[in-house]
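Q: Just passing along the structure, written as structure tokens.
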Amino acid sequence: MSVARSGEFGLIARVTARLPVGPSTLLGPGDDAAVVAAKDGRVVASTDVLVEGRHFRRDWSTPQDVGHRAAAANLADIAAMGAVPTALLVALCVPPGLDARWAEELADGLGAEAARVRASVVGGDMSASPTLMIAVTALGDLEGRAPVLRSGARPGDVVAVAGRCGYAAAGYTVLSRGFRTPKLLVEAYRRPEVPYACGPEAARLGATAMIDVSDGLLADLGHVAVASGVAMDVRRDVFEIPRQMRDAAHALGTDPYTWVLGGGDDHALAATFPAGLTLPEWWRVVGEVRDGTGVTVDGKPYKGSPGWQHF
């Protein structure tokens with residue numbers, strides 16, 4: 001059955017019936033607005049949009065995959081502030097001829113990714129559109145902590161990363177060349193593995209600045225460097241390149257470090273911490289904060305692309 005035949009309210013009913021309810025949801029879909037508990041008294045909010053042909057392709061990803069990616073992109077932003085995600089609002093614009101099952105399975109992916117952090121999809125909107133688009137707004141709770149900003153890095157801090165870098169970019173390149181393997185890389189593009197718990201953990205550990213790596217490690221560290229008025233240097237040799245990535249890079253004639261340093265969509269968390277602080281093993285120290293401006297690699301300007309350019 002197409003979306004047009006199902007009708008707006010019929011599709012809403014079918015979609016919302018598939019969504020789990022998290023502990024922070026006091027009133028979910030069905031009224032003019034949802035009610036979400038904000039125990040801290042402050043709400044962290046972020047929004048992002050995915051456009052078919054620009055951010056995803058239906059021949060590359062299942063609707064569940066797209067749902068996971070759409071949720072992850074926003075939930076990661078909440079974690080990067082040191083907050084715990086609580087809810088998602090989703091606006092869905094679809095061509096009238098789209099199979100309603102695609103929207104239902106998209107909801108499955110959104111709900112499953114939100115459930116990883118005990119958050120809920122609490123509402124949204126639907127509209128007809130010639131282009132398939134998913135816009136997601138995420139909410140979060142700071143639990144009494146101060147938000148971790150981009151502007152707090154200071155010379156002498158270390159730069160550390162939790163999560164994977166380059167896997168999704170490698171998967172995108174593989175798919176764009178017409179291949180479907182290695183599975184490790186392709187699945188990383190389809191469903192990023194975000195270290196959500198590391199965001200609040202970094203805040204508790206005393207992180208001075210933090211950001212979600214969505215566009216590329218060097219590009220996103222560049223945002224922190226500008227906001228903080230500092231320079232950063234990243235060391236290449238601290239990154240472990242998995243065999244599948246090395247093999248794919250060799251087959252495609254690409255340097256795997258272009259993916260690791262400039263590739264986005266893994267949604268790792270990059271943070272700065274005071275020097276001398278003992279970090280958990282899942283936080284990999286990759287560089288240091290210095291006086292000056294810009295981001296360098298091994299002390300030199302990086303000649304490749306630092307990350308994704310939206311325009």
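Naming works like this for the structure tokens: A, B, ... for the chains as they're shown, residue 1 at the start of each chain, ligands 1 onward in shown order.
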Based on the backbone DSSP call, show me all residues of segment 16-178 of chain A assigned strand (DSSP E or B), as a PyMOL selection string.
A: chain A and resi 25-27+29+31+35-36+44-52+56+84-94+99+120-128+133-141+158-162
Q: Write out the residues from the selection above, keeping N, CA and C atoms, as a short mmCIF file (atom, residue, chain, number, x, y, z; two decimals), in the first residue's frame.
A:
```
data_model
loop_
_atom_site.label_atom_id
_atom_site.label_comp_id
_atom_site.auth_asym_id
_atom_site.auth_seq_id
_atom_site.Cartn_x
_atom_site.Cartn_y
_atom_site.Cartn_z
N THR A 25 9.55 9.71 28.71
CA THR A 25 8.35 10.14 27.99
C THR A 25 7.14 10.10 28.91
N LEU A 26 6.59 11.27 29.19
CA LEU A 26 5.38 11.35 30.01
C LEU A 26 4.12 11.30 29.14
N LEU A 27 4.21 11.84 27.92
CA LEU A 27 3.11 11.79 26.97
C LEU A 27 3.71 11.69 25.58
N PRO A 29 3.24 10.30 21.25
CA PRO A 29 2.47 10.76 20.09
C PRO A 29 0.97 10.64 20.30
N ASP A 31 -1.17 13.73 20.70
CA ASP A 31 -1.71 15.06 20.99
C ASP A 31 -0.95 16.10 20.16
N VAL A 35 5.09 15.36 25.90
CA VAL A 35 5.61 15.85 27.18
C VAL A 35 6.75 14.93 27.59
N VAL A 36 7.92 15.52 27.76
CA VAL A 36 9.12 14.76 28.10
C VAL A 36 9.69 15.29 29.40
N VAL A 44 18.69 19.91 26.47
CA VAL A 44 19.66 19.99 25.38
C VAL A 44 18.93 19.61 24.10
N ALA A 45 19.07 20.39 23.03
CA ALA A 45 18.34 20.13 21.80
C ALA A 45 19.26 20.24 20.59
N SER A 46 19.03 19.37 19.61
CA SER A 46 19.81 19.40 18.38
C SER A 46 18.93 18.90 17.25
N THR A 47 19.23 19.31 16.02
CA THR A 47 18.43 18.85 14.88
C THR A 47 19.31 18.60 13.68
N ASP A 48 18.86 17.70 12.82
CA ASP A 48 19.62 17.32 11.64
C ASP A 48 18.64 16.85 10.58
N VAL A 49 19.03 16.89 9.32
CA VAL A 49 18.15 16.47 8.24
C VAL A 49 18.91 15.55 7.29
N LEU A 50 18.23 14.51 6.81
CA LEU A 50 18.78 13.60 5.82
C LEU A 50 17.93 13.69 4.56
N VAL A 51 18.57 13.92 3.42
CA VAL A 51 17.88 14.07 2.15
C VAL A 51 18.32 12.93 1.23
N GLU A 52 17.33 12.25 0.64
CA GLU A 52 17.66 11.15 -0.27
C GLU A 52 18.49 11.68 -1.45
N PHE A 56 21.62 9.69 1.83
CA PHE A 56 21.38 8.24 1.79
C PHE A 56 20.80 7.86 0.44
N VAL A 84 22.52 13.07 28.33
CA VAL A 84 21.89 11.77 28.07
C VAL A 84 20.67 12.01 27.19
N PRO A 85 20.58 11.37 26.01
CA PRO A 85 19.42 11.56 25.14
C PRO A 85 18.13 11.07 25.80
N THR A 86 17.05 11.81 25.57
CA THR A 86 15.76 11.42 26.14
C THR A 86 14.67 11.22 25.10
N ALA A 87 14.70 11.98 23.99
CA ALA A 87 13.58 11.89 23.04
C ALA A 87 14.00 12.36 21.66
N LEU A 88 13.24 11.89 20.67
CA LEU A 88 13.40 12.31 19.28
C LEU A 88 12.06 12.78 18.73
N LEU A 89 12.09 13.83 17.92
CA LEU A 89 10.95 14.28 17.13
C LEU A 89 11.34 14.12 15.67
N VAL A 90 10.46 13.54 14.87
CA VAL A 90 10.81 13.19 13.49
C VAL A 90 9.81 13.79 12.52
N ALA A 91 10.31 14.55 11.55
CA ALA A 91 9.48 15.05 10.45
C ALA A 91 9.85 14.25 9.21
N LEU A 92 8.84 13.69 8.56
CA LEU A 92 9.06 12.82 7.41
C LEU A 92 8.32 13.39 6.19
N CYS A 93 9.07 13.69 5.14
CA CYS A 93 8.51 14.18 3.89
C CYS A 93 8.73 13.09 2.83
N VAL A 94 7.65 12.59 2.24
CA VAL A 94 7.76 11.42 1.37
C VAL A 94 6.99 11.62 0.06
N ASP A 99 6.00 3.17 -0.85
CA ASP A 99 5.35 2.07 -0.15
C ASP A 99 5.30 2.39 1.35
N SER A 120 12.95 7.88 23.36
CA SER A 120 11.73 7.57 22.62
C SER A 120 11.57 8.51 21.44
N VAL A 121 10.88 8.03 20.40
CA VAL A 121 10.37 8.92 19.36
C VAL A 121 9.01 9.39 19.83
N VAL A 122 8.89 10.67 20.18
CA VAL A 122 7.69 11.16 20.87
C VAL A 122 6.73 11.93 19.98
N GLY A 123 7.09 12.16 18.73
CA GLY A 123 6.18 12.89 17.85
C GLY A 123 6.90 13.38 16.61
N GLY A 124 6.21 14.23 15.84
CA GLY A 124 6.79 14.76 14.62
C GLY A 124 5.73 15.23 13.65
N ASP A 125 6.02 15.08 12.36
CA ASP A 125 5.09 15.54 11.34
C ASP A 125 5.34 14.75 10.07
N MET A 126 4.35 14.74 9.17
CA MET A 126 4.48 14.09 7.87
C MET A 126 3.92 14.99 6.80
N SER A 127 4.54 14.92 5.61
CA SER A 127 4.08 15.73 4.49
C SER A 127 4.46 15.04 3.19
N ALA A 128 3.70 15.31 2.14
CA ALA A 128 4.06 14.86 0.81
C ALA A 128 5.19 15.73 0.28
N MET A 133 12.74 13.06 2.59
CA MET A 133 13.56 13.73 3.58
C MET A 133 13.14 13.32 4.99
N ILE A 134 14.12 13.18 5.86
CA ILE A 134 13.86 12.88 7.26
C ILE A 134 14.57 13.93 8.11
N ALA A 135 13.81 14.70 8.86
CA ALA A 135 14.38 15.70 9.76
C ALA A 135 14.14 15.25 11.20
N VAL A 136 15.18 15.20 11.98
CA VAL A 136 15.09 14.68 13.35
C VAL A 136 15.58 15.74 14.33
N THR A 137 14.84 15.92 15.40
CA THR A 137 15.27 16.77 16.52
C THR A 137 15.44 15.87 17.74
N ALA A 138 16.58 15.99 18.39
CA ALA A 138 16.86 15.19 19.58
C ALA A 138 16.87 16.08 20.82
N LEU A 139 16.40 15.53 21.92
CA LEU A 139 16.41 16.21 23.21
C LEU A 139 17.24 15.41 24.20
N GLY A 140 17.81 16.10 25.18
CA GLY A 140 18.62 15.40 26.16
C GLY A 140 18.63 16.08 27.51
N ASP A 141 19.16 15.37 28.50
CA ASP A 141 19.17 15.80 29.89
C ASP A 141 20.62 15.84 30.38
N VAL A 158 45.15 17.28 26.14
CA VAL A 158 45.29 16.21 25.16
C VAL A 158 44.00 16.10 24.36
N VAL A 159 44.11 15.62 23.14
CA VAL A 159 42.95 15.36 22.28
C VAL A 159 42.73 13.86 22.28
N ALA A 160 41.51 13.42 22.57
CA ALA A 160 41.21 12.00 22.62
C ALA A 160 39.93 11.70 21.84
N VAL A 161 39.84 10.48 21.34
CA VAL A 161 38.69 10.06 20.54
C VAL A 161 38.13 8.76 21.10
N ALA A 162 36.81 8.70 21.23
CA ALA A 162 36.11 7.47 21.57
C ALA A 162 35.26 7.08 20.37
#
```
Q: Please provide as a ChimeraX atom specification all residues within 8 Å of Ala231 of chain A, with the sequence filter that same-chain residues fewer than 4 positions apart are discarded (counting only C-alpha atoms).
A: /A:155,225,289-296
Q: Just checking: using only C-alpha atoms, which residue out of A:Val260, A:Ala4, A:Val66, A:Ala112 ends up closest to Ser129 of chain A?
A: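 Among A:Val260, A:Ala4, A:Val66, A:Ala112, it is A:Ala4 that comes nearest to Ser129 of chain A.
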Q: Hey, which of A:Ala270, A:Leu142, A:Ala72, A:Ala207 ends up closest to Gly111 of chain A? Count only C-alpha atoms.
A: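 That would be A:Ala72, the residue with the smallest distance to Gly111 of chain A.
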Q: Give me the residues within 10 Å of Glu201 of chain A as an mmCIF file with C-alpha atoms, in the first residue's frame, counting only C-alpha atoms and dropping any in the same chain fewer than 3 places off.
A:
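The resulting part.cif:
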```
data_model
loop_
_atom_site.group_PDB
_atom_site.id
_atom_site.type_symbol
_atom_site.label_atom_id
_atom_site.label_comp_id
_atom_site.auth_asym_id
_atom_site.auth_seq_id
_atom_site.Cartn_x
_atom_site.Cartn_y
_atom_site.Cartn_z
ATOM 1 C CA ALA A 79 26.068 12.890 23.822
ATOM 2 C CA GLY A 82 27.814 15.550 27.857
ATOM 3 C CA ALA A 83 24.076 14.890 28.074
ATOM 4 C CA TYR A 196 26.816 7.341 23.411
ATOM 5 C CA ALA A 197 27.813 6.609 27.008
ATOM 6 C CA CYS A 198 31.226 8.189 26.449
ATOM 7 C CA ARG A 204 32.245 13.509 34.472
ATOM 8 C CA LEU A 205 35.969 13.034 33.767
ATOM 9 C CA GLY A 206 36.455 16.760 33.256
ATOM 10 C CA ALA A 207 36.535 17.144 29.454
ATOM 11 C CA PRO A 280 39.533 4.784 30.228
#
```
Q: Would you kindly return, as an NGL selection string, each protein, DNA or RNA residue with an atom no farther than 6 Å from any atom of Ala80 of chain A, considering only C-alpha atoms and excluding same-chain residues fewer than 4 positions away?
A: :A and (199 or 210-212)
Q: Looking at A:Ala275, A:Leu261, A:Val213, A:Ala70, which one is nearest to Asp108 of chain A, with distances taken over only C-alpha atoms?
A: A:Ala70
Q: Which of these residues is nearest to Pro96 of chain A, using only C-alpha atoms: A:Leu277, A:Leu132, A:Ala248, A:Val297?
A: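 Among the listed residues, the smallest separation from Pro96 of chain A belongs to A:Leu132.
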Q: Given the choices A:Gly304, A:Gly156, A:Pro130, A:Gly263, which gets closest to Thr208 of chain A if the distance is worked out from only C-alpha atoms?
A: A:Gly156
Q: Please report, as number ranges by chain, each residue of segment 157-242 of chain A to which DSSP assigns helix (DSSP H, G or I) when run on this structure's backbone.
A: A: 167-176, 183-190, 198-205, 217-228, 236-238
Q: Store the residues of this selection in a file with C-alpha atoms, as a PDB file, in the first residue's frame.
A:
```
ATOM      1  CA  TYR A 167      34.993   3.133   8.792  1.00  0.00           C
ATOM      2  CA  ALA A 168      31.820   4.759   7.457  1.00  0.00           C
ATOM      3  CA  ALA A 169      33.745   6.852   4.923  1.00  0.00           C
ATOM      4  CA  ALA A 170      35.467   3.710   3.678  1.00  0.00           C
ATOM      5  CA  GLY A 171      32.078   2.003   3.434  1.00  0.00           C
ATOM      6  CA  TYR A 172      30.691   4.930   1.444  1.00  0.00           C
ATOM      7  CA  THR A 173      33.616   4.731  -0.976  1.00  0.00           C
ATOM      8  CA  VAL A 174      33.169   0.981  -1.388  1.00  0.00           C
ATOM      9  CA  LEU A 175      29.446   1.391  -2.103  1.00  0.00           C
ATOM     10  CA  SER A 176      30.049   4.267  -4.515  1.00  0.00           C
ATOM     11  CA  LYS A 183      30.923  -6.023   5.366  1.00  0.00           C
ATOM     12  CA  LEU A 184      32.691  -4.308   8.285  1.00  0.00           C
ATOM     13  CA  LEU A 185      32.975  -1.081   6.308  1.00  0.00           C
ATOM     14  CA  VAL A 186      29.638  -1.178   4.488  1.00  0.00           C
ATOM     15  CA  GLU A 187      27.728  -1.867   7.709  1.00  0.00           C
ATOM     16  CA  ALA A 188      29.609   0.973   9.424  1.00  0.00           C
ATOM     17  CA  TYR A 189      28.215   3.337   6.813  1.00  0.00           C
ATOM     18  CA  ARG A 190      24.703   1.907   7.032  1.00  0.00           C
ATOM     19  CA  CYS A 198      31.226   8.189  26.449  1.00  0.00           C
ATOM     20  CA  GLY A 199      29.681  11.663  26.193  1.00  0.00           C
ATOM     21  CA  PRO A 200      28.360  11.888  29.755  1.00  0.00           C
ATOM     22  CA  GLU A 201      31.441   9.978  30.894  1.00  0.00           C
ATOM     23  CA  ALA A 202      33.730  12.608  29.354  1.00  0.00           C
ATOM     24  CA  ALA A 203      31.802  15.333  31.167  1.00  0.00           C
ATOM     25  CA  ARG A 204      32.245  13.509  34.472  1.00  0.00           C
ATOM     26  CA  LEU A 205      35.969  13.034  33.767  1.00  0.00           C
ATOM     27  CA  LEU A 217      37.986  14.285  12.441  1.00  0.00           C
ATOM     28  CA  LEU A 218      40.192  17.136  11.207  1.00  0.00           C
ATOM     29  CA  ALA A 219      37.231  19.265  10.103  1.00  0.00           C
ATOM     30  CA  ASP A 220      35.398  18.825  13.394  1.00  0.00           C
ATOM     31  CA  LEU A 221      38.518  19.385  15.501  1.00  0.00           C
ATOM     32  CA  GLY A 222      38.886  22.534  13.433  1.00  0.00           C
ATOM     33  CA  HIS A 223      35.551  23.748  14.808  1.00  0.00           C
ATOM     34  CA  VAL A 224      36.817  23.162  18.344  1.00  0.00           C
ATOM     35  CA  ALA A 225      40.102  24.921  17.572  1.00  0.00           C
ATOM     36  CA  VAL A 226      38.304  27.997  16.226  1.00  0.00           C
ATOM     37  CA  ALA A 227      35.800  28.114  19.108  1.00  0.00           C
ATOM     38  CA  SER A 228      38.563  27.710  21.693  1.00  0.00           C
ATOM     39  CA  ARG A 236      48.675   9.576  12.472  1.00  0.00           C
ATOM     40  CA  ASP A 237      50.524   6.661  14.018  1.00  0.00           C
ATOM     41  CA  VAL A 238      48.111   6.268  16.945  1.00  0.00           C
TER      42      VAL A 238
END
```
Q: Rounded to one decimal, what separation in Å do you get between atom CA of Leu279 of chain A and atom CA of Asn74 of chain A?
A: 25.4 Å
Q: Of the residues A:Arg54, A:Pro147, A:Thr16, A:Arg118, which is the one nearest to Glu105 of chain A, using only C-alpha atoms?
A: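 With only C-alpha atoms as the atom set, the closest residue is A:Thr16.
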Q: Excluding Gly109 of chain A and residues on its chain fewer than 6 positions from it, collect all residues at most 12 Å away from it, counting only C-alpha atoms, and give them as a PDB file with N, CA, C and O atoms, in the first residue's frame.
A:
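Just written: out_7.pdb:
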```pdb
ATOM      1  N   VAL A  15       2.830   3.837  12.041  1.00  0.00           N
ATOM      2  CA  VAL A  15       4.212   4.101  12.442  1.00  0.00           C
ATOM      3  C   VAL A  15       4.341   4.183  13.959  1.00  0.00           C
ATOM      4  O   VAL A  15       5.227   3.560  14.559  1.00  0.00           O
ATOM      5  N   ARG A  18       4.611   1.149  16.249  1.00  0.00           N
ATOM      6  CA  ARG A  18       5.847   0.363  16.235  1.00  0.00           C
ATOM      7  C   ARG A  18       6.930   0.954  17.124  1.00  0.00           C
ATOM      8  O   ARG A  18       8.022   0.386  17.238  1.00  0.00           O
ATOM      9  N   LEU A  19       6.672   2.104  17.747  1.00  0.00           N
ATOM     10  CA  LEU A  19       7.714   2.815  18.474  1.00  0.00           C
ATOM     11  C   LEU A  19       7.675   2.519  19.969  1.00  0.00           C
ATOM     12  O   LEU A  19       6.626   2.647  20.609  1.00  0.00           O
ATOM     13  N   PRO A  20       8.824   2.147  20.555  1.00  0.00           N
ATOM     14  CA  PRO A  20       8.871   1.906  22.003  1.00  0.00           C
ATOM     15  C   PRO A  20       8.823   3.214  22.775  1.00  0.00           C
ATOM     16  O   PRO A  20       9.102   4.290  22.241  1.00  0.00           O
ATOM     17  N   SER A  61      20.871   1.178   1.248  1.00  0.00           N
ATOM     18  CA  SER A  61      20.484   0.982   2.649  1.00  0.00           C
ATOM     19  C   SER A  61      19.021   0.573   2.744  1.00  0.00           C
ATOM     20  O   SER A  61      18.183   1.056   1.971  1.00  0.00           O
ATOM     21  N   THR A  62      18.711  -0.279   3.710  1.00  0.00           N
ATOM     22  CA  THR A  62      17.327  -0.617   3.995  1.00  0.00           C
ATOM     23  C   THR A  62      16.676   0.546   4.741  1.00  0.00           C
ATOM     24  O   THR A  62      17.377   1.420   5.282  1.00  0.00           O
ATOM     25  N   PRO A  63      15.346   0.591   4.806  1.00  0.00           N
ATOM     26  CA  PRO A  63      14.718   1.651   5.599  1.00  0.00           C
ATOM     27  C   PRO A  63      15.125   1.606   7.067  1.00  0.00           C
ATOM     28  O   PRO A  63      15.263   2.652   7.711  1.00  0.00           O
ATOM     29  N   GLN A  64      15.345   0.393   7.601  1.00  0.00           N
ATOM     30  CA  GLN A  64      15.822   0.318   8.989  1.00  0.00           C
ATOM     31  C   GLN A  64      17.191   0.964   9.125  1.00  0.00           C
ATOM     32  O   GLN A  64      17.470   1.666  10.110  1.00  0.00           O
ATOM     33  N   ASP A  65      18.068   0.726   8.130  1.00  0.00           N
ATOM     34  CA  ASP A  65      19.392   1.353   8.152  1.00  0.00           C
ATOM     35  C   ASP A  65      19.273   2.871   8.185  1.00  0.00           C
ATOM     36  O   ASP A  65      19.955   3.548   8.966  1.00  0.00           O
ATOM     37  N   VAL A  66      18.415   3.420   7.340  1.00  0.00           N
ATOM     38  CA  VAL A  66      18.245   4.873   7.280  1.00  0.00           C
ATOM     39  C   VAL A  66      17.724   5.396   8.615  1.00  0.00           C
ATOM     40  O   VAL A  66      18.144   6.449   9.096  1.00  0.00           O
ATOM     41  N   GLY A  67      16.804   4.643   9.233  1.00  0.00           N
ATOM     42  CA  GLY A  67      16.290   5.044  10.542  1.00  0.00           C
ATOM     43  C   GLY A  67      17.382   5.073  11.599  1.00  0.00           C
ATOM     44  O   GLY A  67      17.469   6.017  12.398  1.00  0.00           O
ATOM     45  N   HIS A  68      18.218   4.033  11.601  1.00  0.00           N
ATOM     46  CA  HIS A  68      19.337   4.017  12.549  1.00  0.00           C
ATOM     47  C   HIS A  68      20.259   5.208  12.331  1.00  0.00           C
ATOM     48  O   HIS A  68      20.674   5.879  13.283  1.00  0.00           O
ATOM     49  N   ARG A  69      20.604   5.489  11.068  1.00  0.00           N
ATOM     50  CA  ARG A  69      21.518   6.597  10.767  1.00  0.00           C
ATOM     51  C   ARG A  69      20.914   7.937  11.165  1.00  0.00           C
ATOM     52  O   ARG A  69      21.599   8.807  11.713  1.00  0.00           O
ATOM     53  N   ALA A  70      19.627   8.130  10.860  1.00  0.00           N
ATOM     54  CA  ALA A  70      18.977   9.406  11.179  1.00  0.00           C
ATOM     55  C   ALA A  70      18.950   9.644  12.676  1.00  0.00           C
ATOM     56  O   ALA A  70      19.206  10.759  13.153  1.00  0.00           O
ATOM     57  N   ALA A  71      18.645   8.605  13.434  1.00  0.00           N
ATOM     58  CA  ALA A  71      18.618   8.749  14.891  1.00  0.00           C
ATOM     59  C   ALA A  71      20.016   8.956  15.444  1.00  0.00           C
ATOM     60  O   ALA A  71      20.250   9.828  16.292  1.00  0.00           O
ATOM     61  N   ALA A  72      20.973   8.167  14.951  1.00  0.00           N
ATOM     62  CA  ALA A  72      22.337   8.237  15.480  1.00  0.00           C
ATOM     63  C   ALA A  72      22.957   9.612  15.281  1.00  0.00           C
ATOM     64  O   ALA A  72      23.650  10.129  16.164  1.00  0.00           O
ATOM     65  N   TRP A 102       7.849   1.046   3.754  1.00  0.00           N
ATOM     66  CA  TRP A 102       9.160   1.680   3.896  1.00  0.00           C
ATOM     67  C   TRP A 102       9.155   2.617   5.099  1.00  0.00           C
ATOM     68  O   TRP A 102      10.093   2.621   5.902  1.00  0.00           O
ATOM     69  N   ALA A 103       8.097   3.398   5.246  1.00  0.00           N
ATOM     70  CA  ALA A 103       7.992   4.316   6.379  1.00  0.00           C
ATOM     71  C   ALA A 103       7.894   3.552   7.698  1.00  0.00           C
ATOM     72  O   ALA A 103       8.471   3.965   8.717  1.00  0.00           O
ATOM     73  N   ALA A 115      16.183   3.313  21.361  1.00  0.00           N
ATOM     74  CA  ALA A 115      16.096   2.406  22.506  1.00  0.00           C
ATOM     75  C   ALA A 115      17.466   2.068  23.076  1.00  0.00           C
ATOM     76  O   ALA A 115      17.583   1.715  24.253  1.00  0.00           O
ATOM     77  N   ARG A 116      18.516   2.206  22.275  1.00  0.00           N
ATOM     78  CA  ARG A 116      19.875   1.935  22.764  1.00  0.00           C
ATOM     79  C   ARG A 116      20.244   2.866  23.906  1.00  0.00           C
ATOM     80  O   ARG A 116      21.071   2.520  24.762  1.00  0.00           O
ATOM     81  N   SER A 120      12.951   7.884  23.357  1.00  0.00           N
ATOM     82  CA  SER A 120      11.733   7.566  22.616  1.00  0.00           C
ATOM     83  C   SER A 120      11.566   8.514  21.439  1.00  0.00           C
ATOM     84  O   SER A 120      12.037   9.649  21.470  1.00  0.00           O
ATOM     85  N   VAL A 121      10.880   8.035  20.403  1.00  0.00           N
ATOM     86  CA  VAL A 121      10.375   8.918  19.356  1.00  0.00           C
ATOM     87  C   VAL A 121       9.007   9.391  19.833  1.00  0.00           C
ATOM     88  O   VAL A 121       8.060   8.610  19.909  1.00  0.00           O
ATOM     89  N   ARG A 190      26.157   2.063   6.929  1.00  0.00           N
ATOM     90  CA  ARG A 190      24.703   1.907   7.032  1.00  0.00           C
ATOM     91  C   ARG A 190      24.193   2.145   8.447  1.00  0.00           C
ATOM     92  O   ARG A 190      23.128   2.754   8.632  1.00  0.00           O
ATOM     93  N   ARG A 191      24.927   1.655   9.438  1.00  0.00           N
ATOM     94  CA  ARG A 191      24.494   1.797  10.833  1.00  0.00           C
ATOM     95  C   ARG A 191      25.702   2.130  11.711  1.00  0.00           C
ATOM     96  O   ARG A 191      26.408   1.235  12.177  1.00  0.00           O
TER      97      ARG A 191
END
```
Q: I want to know what sits within 9 Å of Arg246 of chain A, based on only C-alpha atoms, with residues of the same chain fewer than 4 positions away left out; could you give that as a list in words?
A: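 Using only C-alpha atoms, the neighbours found are Ile241, Pro242, His250, Ala251, Asp255 and Pro256 of chain A.
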Q: Keeping only N, CA and C atoms, take the residues you just selected and write them out as a tab-separated table (two decimals), in the first residue's frame.
A:
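So the final result, stored in again_30.tsv, reads:
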```tsv
chain	number	residue	atom	x	y	z
A	241	ILE	N	44.63	0.81	11.74
A	241	ILE	CA	43.90	0.59	10.48
A	241	ILE	C	43.56	-0.89	10.39
A	242	PRO	N	42.28	-1.27	10.44
A	242	PRO	CA	41.93	-2.69	10.36
A	242	PRO	C	42.29	-3.27	9.00
A	250	HIS	N	43.86	-0.48	-0.64
A	250	HIS	CA	44.79	-0.98	-1.66
A	250	HIS	C	44.05	-1.27	-2.97
A	251	ALA	N	42.89	-1.92	-2.86
A	251	ALA	CA	42.13	-2.29	-4.05
A	251	ALA	C	41.61	-1.06	-4.79
A	255	ASP	N	44.64	6.05	0.04
A	255	ASP	CA	45.33	6.04	1.32
A	255	ASP	C	44.27	5.91	2.42
A	256	PRO	N	44.32	4.87	3.25
A	256	PRO	CA	43.28	4.70	4.27
A	256	PRO	C	43.21	5.86	5.26
```
